[in-house]
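Pasting data12.tsv here (TSV, C-alpha atoms and all ligand atoms):
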```tsv
chain	number	residue	atom	x	y	z
A	1	MET	CA	141.57	1.84	45.27
A	2	THR	CA	139.19	4.77	45.68
A	3	SER	CA	135.98	4.62	47.69
A	4	GLU	CA	134.16	5.52	44.46
A	5	ALA	CA	135.48	2.37	42.84
A	6	THR	CA	134.70	0.08	45.77
A	7	ALA	CA	131.14	1.43	45.88
A	8	GLY	CA	130.66	-0.15	42.48
A	9	GLY	CA	130.88	-3.60	44.01
A	10	HIS	CA	129.46	-4.90	47.26
A	11	ALA	CA	131.63	-2.97	49.68
A	12	GLY	CA	128.73	-0.57	50.36
A	13	GLY	CA	128.70	3.17	50.97
A	14	GLY	CA	128.05	5.99	48.54
A	15	GLU	CA	126.32	6.04	45.20
A	16	PRO	CA	127.27	2.97	43.15
A	17	VAL	CA	129.36	3.78	40.11
A	18	TRP	CA	129.18	0.39	38.52
A	19	LYS	CA	126.61	-2.15	39.60
A	20	GLY	CA	127.34	-5.17	37.46
A	21	GLU	CA	128.85	-8.43	38.50
A	22	PRO	CA	131.00	-9.90	35.73
A	23	GLY	CA	129.27	-13.03	34.50
A	24	ASN	CA	126.00	-12.61	36.41
A	25	THR	CA	123.23	-12.35	33.86
A	26	SER	CA	120.98	-10.86	36.55
A	27	THR	CA	123.22	-7.84	36.90
A	28	LEU	CA	125.23	-7.71	33.67
A	29	LEU	CA	125.47	-4.23	32.25
A	30	GLY	CA	126.49	-3.46	28.71
A	31	ARG	CA	127.05	-7.05	27.56
A	32	PRO	CA	124.32	-9.19	26.01
A	33	ALA	CA	123.82	-11.93	28.57
A	34	VAL	CA	122.86	-14.72	26.19
A	35	GLY	CA	125.85	-14.10	23.93
A	36	TYR	CA	128.02	-13.99	27.02
A	37	LEU	CA	126.82	-17.40	28.20
A	38	ASP	CA	127.36	-18.96	24.76
A	39	ALA	CA	130.92	-17.64	24.54
A	40	ALA	CA	131.64	-18.79	28.10
A	41	ALA	CA	130.28	-22.26	27.28
A	42	ASP	CA	132.79	-22.57	24.42
A	43	THR	CA	135.67	-21.47	26.64
A	44	LEU	CA	134.57	-23.79	29.43
A	45	ALA	CA	133.72	-26.79	27.24
A	46	THR	CA	136.21	-29.07	29.02
A	47	VAL	CA	134.88	-28.07	32.43
A	48	LYS	CA	131.30	-28.63	31.29
A	49	ARG	CA	132.19	-32.07	29.94
A	50	GLU	CA	133.74	-33.01	33.27
A	51	ILE	CA	130.64	-31.82	35.18
A	52	LEU	CA	128.52	-33.96	32.86
A	53	ARG	CA	130.77	-36.98	33.32
A	54	ARG	CA	130.67	-36.62	37.10
A	55	LEU	CA	126.89	-36.23	37.23
A	56	ALA	CA	126.66	-39.42	35.13
A	57	PRO	CA	123.09	-38.86	33.89
A	58	ALA	CA	121.25	-42.11	33.21
A	59	PRO	CA	117.93	-43.04	31.61
A	60	GLY	CA	114.98	-42.43	33.91
A	61	GLN	CA	116.70	-39.94	36.21
A	62	ARG	CA	115.26	-36.63	37.42
A	63	LEU	CA	117.88	-33.87	37.41
A	64	LEU	CA	117.89	-30.17	38.31
A	65	ASP	CA	120.11	-27.33	37.06
A	66	VAL	CA	120.01	-24.33	39.42
A	67	GLY	CA	120.81	-21.02	37.69
A	68	CYS	CA	120.48	-22.69	34.30
A	69	GLY	CA	121.04	-19.54	32.21
A	70	ASN	CA	120.22	-20.23	28.55
A	71	GLY	CA	119.43	-23.89	29.28
A	72	ALA	CA	122.15	-25.49	27.16
A	73	ASP	CA	123.34	-27.75	30.00
A	74	VAL	CA	119.76	-28.81	30.75
A	75	LEU	CA	119.20	-29.82	27.13
A	76	GLU	CA	122.47	-31.76	27.10
A	77	LEU	CA	121.45	-33.65	30.25
A	78	ALA	CA	117.90	-34.21	29.03
A	79	GLY	CA	119.15	-36.11	26.00
A	80	ARG	CA	120.69	-38.64	28.39
A	81	VAL	CA	117.75	-39.34	30.70
A	82	VAL	CA	115.33	-40.43	27.96
A	83	PRO	CA	112.94	-42.14	27.75
A	84	ALA	CA	111.47	-41.83	31.25
A	85	GLY	CA	113.54	-39.14	32.96
A	86	GLU	CA	113.25	-35.36	33.11
A	87	VAL	CA	115.57	-32.42	33.57
A	88	ILE	CA	114.42	-29.08	34.97
A	89	GLY	CA	116.30	-25.78	34.79
A	90	VAL	CA	115.52	-22.87	37.11
A	91	ASP	CA	116.82	-19.31	37.01
A	92	VAL	CA	115.80	-15.97	38.51
A	93	ASN	CA	116.40	-14.22	35.21
A	94	GLU	CA	113.15	-14.27	33.20
A	95	ARG	CA	114.98	-13.50	29.99
A	96	ALA	CA	117.25	-16.49	30.49
A	97	ILE	CA	114.20	-18.73	31.06
A	98	GLU	CA	112.54	-17.43	27.88
A	99	GLU	CA	115.72	-18.13	25.93
A	100	ALA	CA	116.04	-21.61	27.45
A	101	ARG	CA	112.43	-22.45	26.58
A	102	ALA	CA	112.98	-21.26	23.01
A	103	ARG	CA	116.08	-23.43	22.69
A	104	GLY	CA	114.22	-26.43	24.08
A	105	THR	CA	111.26	-26.09	21.72
A	106	GLY	CA	111.19	-28.87	19.16
A	107	THR	CA	114.19	-30.73	20.57
A	108	GLY	CA	111.99	-33.57	21.80
A	109	VAL	CA	114.05	-34.03	24.96
A	110	PRO	CA	112.37	-34.07	28.40
A	111	ALA	CA	113.51	-30.62	29.53
A	112	SER	CA	111.52	-27.83	31.16
A	113	PHE	CA	112.33	-24.44	32.63
A	114	GLN	CA	110.92	-22.40	35.50
A	115	SER	CA	111.58	-18.98	36.99
A	116	ALA	CA	112.67	-19.67	40.54
A	117	SER	CA	115.27	-18.65	43.06
A	118	ALA	CA	117.99	-20.94	44.33
A	119	PHE	CA	116.78	-19.99	47.82
A	120	ALA	CA	113.22	-21.29	47.32
A	121	LEU	CA	113.27	-24.22	44.92
A	122	PRO	CA	109.65	-25.10	44.07
A	123	PHE	CA	110.12	-28.85	44.51
A	124	ALA	CA	109.40	-31.44	47.17
A	125	ASP	CA	112.13	-32.83	49.39
A	126	GLY	CA	114.10	-35.62	47.72
A	127	HIS	CA	112.62	-35.03	44.25
A	128	PHE	CA	115.85	-35.23	42.21
A	129	ASP	CA	118.52	-37.87	41.58
A	130	GLY	CA	121.06	-35.15	40.89
A	131	VAL	CA	121.40	-31.38	41.22
A	132	ARG	CA	123.96	-29.14	39.56
A	133	ALA	CA	124.76	-25.41	39.84
A	134	GLU	CA	127.53	-23.97	37.66
A	135	ARG	CA	128.92	-20.45	38.15
A	136	VAL	CA	125.89	-19.48	40.22
A	137	VAL	CA	126.84	-19.72	43.90
A	138	GLN	CA	129.59	-17.12	43.33
A	139	HIS	CA	126.80	-14.54	42.85
A	140	LEU	CA	124.52	-15.50	45.75
A	141	PRO	CA	124.19	-13.53	48.98
A	142	ASP	CA	123.86	-16.70	51.09
A	143	PRO	CA	125.74	-19.65	49.54
A	144	ALA	CA	125.04	-21.95	52.52
A	145	ALA	CA	121.27	-21.38	52.26
A	146	ALA	CA	121.27	-22.10	48.51
A	147	ILE	CA	123.33	-25.26	48.97
A	148	ALA	CA	120.95	-26.39	51.75
A	149	GLU	CA	118.07	-26.00	49.26
A	150	MET	CA	119.90	-28.08	46.64
A	151	VAL	CA	120.54	-30.78	49.23
A	152	ARG	CA	116.90	-30.67	50.36
A	153	VAL	CA	115.55	-31.43	46.88
A	154	ALA	CA	118.09	-34.23	46.25
A	155	ARG	CA	116.93	-37.74	47.13
A	156	PRO	CA	118.84	-39.83	49.67
A	157	GLY	CA	121.77	-41.21	47.70
A	158	GLY	CA	121.46	-38.43	45.10
A	159	ARG	CA	124.36	-36.25	43.99
A	160	VAL	CA	124.85	-32.49	44.32
A	161	LEU	CA	127.55	-30.85	42.20
A	162	VAL	CA	128.48	-27.19	42.53
A	163	ALA	CA	131.08	-25.59	40.26
A	164	ASP	CA	132.50	-22.08	40.54
A	165	PRO	CA	135.65	-20.24	39.63
A	166	ASP	CA	138.15	-19.14	42.25
A	167	HIS	CA	138.52	-15.50	41.23
A	168	GLY	CA	141.60	-15.12	43.41
A	169	MET	CA	143.55	-17.29	40.96
A	170	TRP	CA	143.44	-15.32	37.68
A	171	ALA	CA	146.91	-14.87	36.28
A	172	PRO	CA	147.34	-12.65	33.21
A	173	ASP	CA	150.74	-12.36	31.53
A	174	LEU	CA	151.62	-8.66	32.04
A	175	ASP	CA	154.71	-6.72	33.05
A	176	ASP	CA	153.38	-4.33	35.72
A	177	ARG	CA	152.64	-6.81	38.49
A	178	GLU	CA	151.52	-4.24	41.04
A	179	ALA	CA	149.00	-2.62	38.66
A	180	THR	CA	147.84	-6.04	37.48
A	181	ARG	CA	147.22	-7.18	41.06
A	182	ALA	CA	145.26	-3.98	41.79
A	183	VAL	CA	143.01	-4.45	38.76
A	184	LEU	CA	142.41	-8.13	39.45
A	185	ALA	CA	141.54	-7.53	43.12
A	186	TRP	CA	139.20	-4.65	42.30
A	187	TRP	CA	137.46	-6.23	39.32
A	188	PHE	CA	136.83	-9.62	40.82
A	189	ASP	CA	135.72	-8.15	44.15
A	190	ASN	CA	132.72	-6.94	42.14
A	191	ILE	CA	131.62	-10.55	42.29
A	192	ARG	CA	129.80	-11.19	45.52
A	193	ASN	CA	131.80	-14.30	46.51
A	194	PRO	CA	135.02	-14.12	44.49
A	195	TRP	CA	136.77	-16.84	46.53
A	196	ILE	CA	133.81	-19.23	46.76
A	197	GLY	CA	135.65	-21.97	44.87
A	198	ARG	CA	137.89	-22.70	47.82
A	199	ARG	CA	134.87	-22.74	50.19
A	200	LEU	CA	132.69	-25.14	48.24
A	201	SER	CA	133.74	-28.50	49.68
A	202	GLY	CA	133.43	-27.13	53.22
A	203	LEU	CA	129.95	-25.84	52.45
A	204	LEU	CA	128.86	-29.17	50.98
A	205	ARG	CA	130.11	-31.05	54.05
A	206	ALA	CA	128.43	-28.54	56.37
A	207	ALA	CA	125.17	-29.14	54.45
A	208	GLY	CA	125.38	-32.82	55.40
A	209	LEU	CA	126.67	-34.35	52.16
A	210	VAL	CA	128.99	-37.34	52.36
A	211	GLU	CA	131.86	-38.47	50.10
A	212	VAL	CA	132.57	-34.82	49.31
A	213	GLN	CA	135.37	-34.18	46.82
A	214	ALA	CA	136.71	-31.00	45.24
A	215	ARG	CA	138.50	-31.08	41.92
A	216	LEU	CA	140.36	-28.13	40.46
A	217	MET	CA	140.24	-27.69	36.70
A	218	PRO	CA	142.40	-25.21	34.79
A	219	VAL	CA	140.76	-22.51	32.70
A	220	VAL	CA	143.18	-21.30	30.04
A	221	LEU	CA	142.15	-18.08	28.29
A	222	ASP	CA	144.36	-18.12	25.23
A	223	GLY	CA	144.14	-14.68	23.62
A	224	VAL	CA	142.40	-11.40	24.41
A	225	THR	CA	139.09	-12.53	22.94
A	226	ALA	CA	138.85	-15.51	25.30
A	227	ALA	CA	140.02	-13.47	28.32
A	228	ASP	CA	137.59	-10.66	27.62
A	229	GLY	CA	134.74	-13.00	26.75
A	230	LEU	CA	134.86	-14.79	30.09
A	231	THR	CA	136.17	-12.13	32.47
A	232	GLY	CA	135.91	-8.74	30.75
A	233	PHE	CA	139.57	-8.16	31.60
A	234	SER	CA	140.35	-5.41	29.06
A	235	ASP	CA	137.22	-3.60	30.20
A	236	ALA	CA	138.41	-3.97	33.78
A	237	VAL	CA	141.72	-2.28	32.97
A	238	ARG	CA	139.97	0.56	31.13
A	239	ARG	CA	137.43	1.13	33.89
A	240	ALA	CA	140.13	0.91	36.56
A	241	GLY	CA	141.78	3.90	34.86
A	242	GLU	CA	138.49	5.79	34.60
A	243	LEU	CA	137.41	5.14	38.21
A	244	GLY	CA	140.74	5.90	39.85
A	245	VAL	CA	141.70	2.35	40.83
A	246	LEU	CA	144.82	2.99	38.73
A	247	GLU	CA	146.40	6.21	37.55
A	248	PRO	CA	145.07	6.79	34.02
A	249	ASP	CA	148.59	6.57	32.53
A	250	ARG	CA	149.24	3.30	34.27
A	251	ALA	CA	145.94	1.85	33.03
A	252	ARG	CA	146.78	2.96	29.49
A	253	ALA	CA	150.20	1.32	29.79
A	254	LEU	CA	148.54	-1.91	30.92
A	255	THR	CA	146.14	-1.76	27.98
A	256	ALA	CA	149.10	-1.24	25.63
A	257	ASN	CA	150.90	-4.17	27.26
A	258	ILE	CA	147.88	-6.45	26.61
A	259	ALA	CA	147.96	-5.41	22.94
A	260	GLU	CA	151.72	-6.02	22.75
A	261	ARG	CA	151.38	-9.50	24.20
A	262	GLU	CA	148.55	-10.30	21.81
A	263	ALA	CA	150.62	-9.15	18.83
A	264	ASP	CA	153.70	-11.00	20.08
A	265	GLY	CA	152.31	-14.55	20.15
A	266	GLY	CA	149.12	-14.06	22.09
A	267	PHE	CA	148.01	-12.70	25.46
A	268	LEU	CA	147.51	-15.49	27.99
A	269	MET	CA	145.53	-15.50	31.22
A	270	TYR	CA	144.69	-18.53	33.32
A	271	GLY	CA	142.68	-19.44	36.35
A	272	ALA	CA	140.66	-22.32	37.71
A	273	MET	CA	137.21	-23.69	38.32
A	274	ILE	CA	136.48	-25.85	41.33
A	275	LEU	CA	134.05	-28.74	40.96
A	276	ALA	CA	132.76	-29.79	44.37
A	277	GLU	CA	130.40	-32.70	44.70
A	278	GLY	CA	128.91	-34.96	47.30
A	279	ARG	CA	126.23	-37.53	47.94
A	280	LYS	CA	123.21	-37.14	50.18
A	281	GLY	CA	123.37	-39.87	52.81
A	282	ASP	CA	120.83	-42.70	52.65
B	301	LIG	C1	127.21	-17.06	35.00
B	301	LIG	S1	125.54	-17.52	34.79
B	301	LIG	C2	125.73	-19.30	34.59
B	301	LIG	C3	124.58	-19.90	33.84
B	301	LIG	C4	124.69	-21.40	33.57
B	301	LIG	N1	124.75	-22.15	34.80
B	301	LIG	C5	125.88	-21.73	32.68
B	301	LIG	O1	126.78	-22.46	33.13
B	301	LIG	O2	125.90	-21.28	31.53
B	301	LIG	C6	124.81	-17.38	36.42
B	301	LIG	C7	123.31	-17.64	36.42
B	301	LIG	O3	122.81	-17.65	37.77
B	301	LIG	C8	121.55	-17.03	37.77
B	301	LIG	N2	121.20	-16.63	39.15
B	301	LIG	C9	121.72	-15.60	39.86
B	301	LIG	N3	121.12	-15.54	41.07
B	301	LIG	C10	120.24	-16.57	41.13
B	301	LIG	C11	119.32	-17.05	42.13
B	301	LIG	N4	119.20	-16.45	43.31
B	301	LIG	N5	118.56	-18.12	41.84
B	301	LIG	C12	118.66	-18.74	40.63
B	301	LIG	N6	119.50	-18.34	39.66
B	301	LIG	C13	120.28	-17.27	39.89
B	301	LIG	C14	121.72	-15.87	36.81
B	301	LIG	O4	120.50	-15.34	36.37
B	301	LIG	C15	122.53	-16.54	35.70
B	301	LIG	O5	121.72	-17.10	34.69
```

Starting from the coordinates I provided, produce the structure as structure tokens.
Amino acid sequence: MTSEATAGGHAGGGEPVWKGEPGNTSTLLGRPAVGYLDAAADTLATVKREILRRLAPAPGQRLLDVGCGNGADVLELAGRVVPAGEVIGVDVNERAIEEARARGTGTGVPASFQSASAFALPFADGHFDGVRAERVVQHLPDPAAAIAEMVRVARPGGRVLVADPDHGMWAPDLDDREATRAVLAWWFDNIRNPWIGRRLSGLLRAAGLVEVQARLMPVVLDGVTAADGLTGFSDAVRRAGELGVLEPDRARALTANIAEREADGGFLMYGAMILAEGRKGD
């Protein structure tokens, strides 16, 4: 890996070449964030259903979604807390909040959206029955501080659920294992906390939650469209060739190998999301 390439992530030093974090709508470059979140929601439908099931929203509850993106999960939850409950989504990305508000308009469910940071949630201690954050903590500079904020705004007995991928687990079906490993390590190190999934239960316990559990859920990206939609993998291979992470010929060979796999039954890549949850003690 060249120093030019590492400067594109968070390794520091030199003029950044590429400043995006895959999947972070605050830093996404070149991909429309809202479309990205919609495609990801389709791919992760099973994971989202499991998060919903575990949060077990009930009529009258107050729930919070931290880093709510386009608000789809908030609207889904809000339909289940009627008539007396409310669900609030917060995000630092103003465009995401605008989109979420637009999607909520006319739905009649008790959902609202605010621009706010995970590090300074504008709510009183103990305000919520449940708090969720999905694919957010992976991007945050201080995961422990954000989790402490989520725990602060949960009521005693309330649940906090944090879900993130483990970006050290992506496994694409390709022949050149050495080149594949180099691309995966470089691309996913652009995410601030690529291995946060395996840290989550420890962080929840350290924040004082009890009955902490971590559940691993497979994410199967069946075909290039799914793999690129969620992780930008083809783009990663191309950029790795351009930025000197791989020799250009080797990157081209990897690109050709992806196309071969796709033509010959379908390119497959899999990984995992970790769902970590706990209860705030009474
Ligand atoms: C990959 S998206 C996930 C969005 C949504 N949770 C979902 O599952 O579709 C990550 C979200 O975290 C938001 N985010 C990043 N840093 C944040 C912060 N410090 N506070 C609140 N939200 C943040 C981004 O703007 C983005 O909308």

Write out as a CSV table (one decimal) with C-alpha atoms, in the coordinates of the input each polymer residue whose atoms come within 7 Å of segment 71-73 of chain A, counting all atoms listed in the file; drop sequence neighbours fewer than 3 positions from it.
```
chain,number,residue,atom,x,y,z
A,68,CYS,CA,120.5,-22.7,34.3
A,76,GLU,CA,122.5,-31.8,27.1
A,77,LEU,CA,121.4,-33.6,30.2
A,89,GLY,CA,116.3,-25.8,34.8
A,100,ALA,CA,116.0,-21.6,27.4
```

- Given 9 Å and all atoms listed in the file, residues near ligand LIG 301 (chain B) as a PyMOL selection string: chain A and resi 22-27+33-34+36-38+40-41+44+48+65-73+90-97+115-121+132-141+146+163

- Selected residue of minimal separation from Ala253 of chain A among A:Pro165, A:Gly130, A:Gly241, A:Gly271, counting all atoms listed in the file: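 Looking at the shortest contact to Ala253 of chain A, the residue is A:Gly241.
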
- Go through A:Val81, A:Ala259, A:Leu200, A:Ala240 and flag the residue nearest Asp166 of chain A, using all atoms listed in the file for the distances.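 Selected residue with least distance to Asp166 of chain A: A:Leu200.
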
- Message: I'd like the contact shell of Gly158 of chain A - 9 Å cut-off, only C-alpha atoms, skipping same-chain residues fewer than 5 positions apart - returned as a list in words.
- Response: Gly126, Phe128, Asp129, Gly130, Val131, Val151, Gly278, Arg279, Lys280, Gly281 and Asp282 of chain A

- Of the candidates A:Arg54, A:Gly35, A:Thr225, A:Ala214, which one gets nearest to Gly202 of chain A if we count all atoms listed in the file? A:Ala214

- Item | Length of the atom CA of Ala154 of chain A to atom CA of Arg53 of chain A vector [Å] |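 Taking atom CA of Ala154 of chain A and atom CA of Arg53 of chain A, their separation equals 18.3 Å.
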
- Best match for closeness to Val212 of chain A among A:Ile88, A:Ala58, A:Leu161, A:Met150, counting all atoms listed in the file: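 Once distances to Val212 of chain A are computed over all atoms listed in the file, the minimum belongs to A:Leu161.
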
- Task: Tell me which of A:Ile191, A:Leu254, A:Leu275, A:Leu209 sits closest to Leu55 of chain A, counting only C-alpha atoms.
- Result: A:Leu275

- Across A:Leu75, A:Met169, A:Ala148, A:Ala111, the smallest distance to Ile196 of chain A, with all atoms listed in the file counted, is shown by A:Met169

- Message: To one decimal place in Å, what is the distance between atom CA of Arg250 of chain A and atom CA of Leu268 of chain A?
- Response: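 Pair atom CA of Arg250 of chain A / atom CA of Leu268 of chain A returns 19.9 Å.
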
- Item | Contact residues around Ser234 of chain A with only C-alpha atoms at 9 Å, ignoring same-chain residues under 5 positions, as a list in words |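 My reading of the contact set: Val224, Ala227, Asp228, Arg239, Thr255 and Ile258 of chain A.
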
- Item | Residue neighbourhood segment 262-267 of chain A, 7 Å, only C-alpha atoms, exclusion window fewer than 5 positions, as a list in words | Asp173, Asp222, Gly223 and Val224 of chain A

Got time to write the residues from that selection, C-alpha atoms, as an mmCIF file, in the frame of the given file?
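Dumped to selection-v2.cif:
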```cif
data_model
loop_
_atom_site.group_PDB
_atom_site.id
_atom_site.type_symbol
_atom_site.label_atom_id
_atom_site.label_comp_id
_atom_site.auth_asym_id
_atom_site.auth_seq_id
_atom_site.Cartn_x
_atom_site.Cartn_y
_atom_site.Cartn_z
ATOM 1 C CA ASP A 173 150.740 -12.360 31.530
ATOM 2 C CA ASP A 222 144.360 -18.120 25.230
ATOM 3 C CA GLY A 223 144.140 -14.680 23.620
ATOM 4 C CA VAL A 224 142.400 -11.400 24.410
#
```

- Message: Give me the residues near Leu184 of chain A as a list in words, where near means some atom within 10 Å (using all atoms listed in the file) and where sequence neighbours in that chain fewer than 3 positions away do not count.
- Response: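 Residues near the query, excluding close chain neighbours: His167, Gly168, Met169, Trp170, Ala171, Pro172, Ala179, Thr180, Arg181, Trp187, Phe188, Asp189, Phe233, Ala236, Val237 and Ala240 of chain A.
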
- Pairwise distance for atom CA of Glu242 of chain A and atom CA of Val220 of chain A, rounded to one decimal in Å: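 That distance, rounded to one decimal, is 27.9 Å.
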